[in-house]
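Heads up: the structure comes next, in structure tokens.
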Amino acid sequence: MRNGFKVIKSDYLIIGSGLAGLYAANYAAQFGNVSIITKSKLKLSSSYLAQGGIAAAIHPQDSPEQHFIDTINAGKNYCNSDAVKILVNEGKVLVEEMIQNGAPFDLDGDKPALGMEGGHSQRRILHAGGDVTGSVLVNYFVDLVESKKNIQIFEDTIVYKLVSDGKTCSGVLAYDWPNEECYKFTSGVTILSTGGASGIYSRTTNPHTSTGDGIGLAYNAGADLENMEFIQFHPTSFYTSTGETFLISEAVRGEGAYITNHHDERFVLKEYQGGELITRDLLSRSIFNELKRSGKNNVFLRMDHLDHDKIRNRFSNIYKAALKQQIDITSDPVPVAPAAHYMIGGVVTDLYARTTLSGLFACGEVASTGVHGANRLASNSLLECIVFAKRAVDCAKSLISDFLTSDFPDEKNKYYIDHNNESFYCDIKNELARIMMANVGIERNAESLNSAIMEIKRISNKFEINQYEYYTSRLSSIILVCRLMTESAIMRKESRGVHYRTDFPETKENMPGNIILEKNSDPVFIYKKEEKIKSKLII
């Protein structure tokens, strides 16, 4: 205990308990002691909710080269090709290792069953438990993490500050809210794996905890962000008039489900030759435009022509969830509409998951590795988690002595929760969610984006920020993320992938590359982020 803070020293400090964080913790435990911090429970994350699966070219008739081509095409030729090569080649090896080590993937005979999803040219999606791949894999890695004596787990613990001098990260400050205790976690290696920010939208497939906390932490500590304008909407999220929703997996369409409007017309097939298996950016926009034309709130996903028993078994979780809404997916038209789903941009990283702060790594959805370009290929996200989590640990373990530091600045201010602020927090968070959905959604333009900026500024003037109080500091972080997303969308005066501007509908091939956001500086376009990262790294 130091100045009222409990002090925890670790070789590897991991923030977040999605697949990236769990994989990193399990792997890093081979090389040192590990602390893993999560603001909720180990099993509450976007990874846990993932339905579709994990993409890997393991079939003899498939290849990493073809997976590479599909990823580049889905990303609108905006991906970092070196990162994609790493993803598809190293990812294949890691998935094969997981299979050999007993990961519980669904089987077709004695081999993993492979599904098809939008944008893929081959059946290469491994799934587990039918449509609950994320939860099965998270449970698998939670069991591994909990079995290791050199991994300390801190649940219900909020990281409220990355300790940084602007060049090096030396740990974090955190708050254990059930016990009302403050912690100092010191480590030469901090791995940020806090997930995305799609939970800041009013209609989202993400858990309510996905509010971009890691983005705010990294940015305020001095790490660069990039391409925050790229937010992917999932085209088929269950629609209810109450706003309650859940994801209808891409894999459902991979098995033959199709989409109709209220006149029972397959409008997507009329517009695109690929029909319902086009990439998510195109399908979301197709549905969005149909809703504008019709004035309706939803379209329909149809599965009644498919084998009913197969659908019930393969998508048992979706089947049960829909039944609670009085919909039988095997016979009824399923009401769906797009919802915010995945943050493509994030904390800038190089090919080894290093950020622009020495000692700070990032992997999973919080990171911008470059593998997704301007539109993520379905089921590449879980693959990205394991590939770059392993790369982060491999890089860190080879350089860990260079990161070690005893220079942890004194901190006397204690974090706390003022429950009088809770209702205010919920009201403002919901107001921001409506603003983002209405103005920074599937389609944007200068008018909507400038309106969002004005509203965000108005809201930020409503209260005084106390960085040591939970509710106001969380609001400050959410406002920051909303602002950075919107400012980036204003800056990119073109349409590309998930970023579609009605006032700039064309893709500009000569458009400069990545929009880099650096604290206390104006946003800039750069072509090669690797050079920028390298110039900032101390090691």
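We label chains A, B, ... in the order they appear in the structure tokens, count residues from 1 in each chain, and number ligands from 1 in the order shown.
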Please build the interface table for region 301-368 of chain A against region 110-131 of chain A with a cut-off of 10 Å, listing for each qualifying residue the nearest atom pair and the distance in Å to one decimal; count only C-alpha atoms, order rows by chain and increasing number, and write it as a Markdown table.
```
| residue | atom | partner | partner_atom | distance |
| --- | --- | --- | --- | --- |
| A:Ile311 | CA | A:Gly130 | CA | 9.7 |
| A:Arg312 | CA | A:Gly130 | CA | 9.6 |
| A:Asn313 | CA | A:Gly130 | CA | 7.1 |
| A:Arg314 | CA | A:Gly130 | CA | 4.6 |
| A:Phe315 | CA | A:Asp131 | CA | 5.0 |
| A:Ser316 | CA | A:Asp131 | CA | 6.9 |
| A:Asn317 | CA | A:Asp131 | CA | 6.3 |
| A:Ile318 | CA | A:Asp131 | CA | 7.2 |
| A:Tyr319 | CA | A:Asp131 | CA | 9.7 |
```
Which is closer to Ala446 (chain A) than all the others in A:Thr186, A:Thr240, A:Thr486, A:Asn261, using only C-alpha atoms?
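Using only C-alpha atoms, the shortest distance to Ala446 (chain A) belongs to A:Thr486.
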Which polymer residues have any atom within 8 Å of an atom of region 385-394 of chain A, counting only C-alpha atoms, with same-chain residues fewer than 3 positions away left out, as an NGL selection string?
:A and (19-21 or 23-24 or 27-28 or 86-87 or 90-91 or 94 or 191 or 351-354 or 361-365 or 381-382 or 397-398)
Go ahead and compute the interatomic distance for CA of Ile465 (chain A) and CA of Tyr219 (chain A), in Å to one decimal.
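Those two atoms sit 16.8 Å apart.
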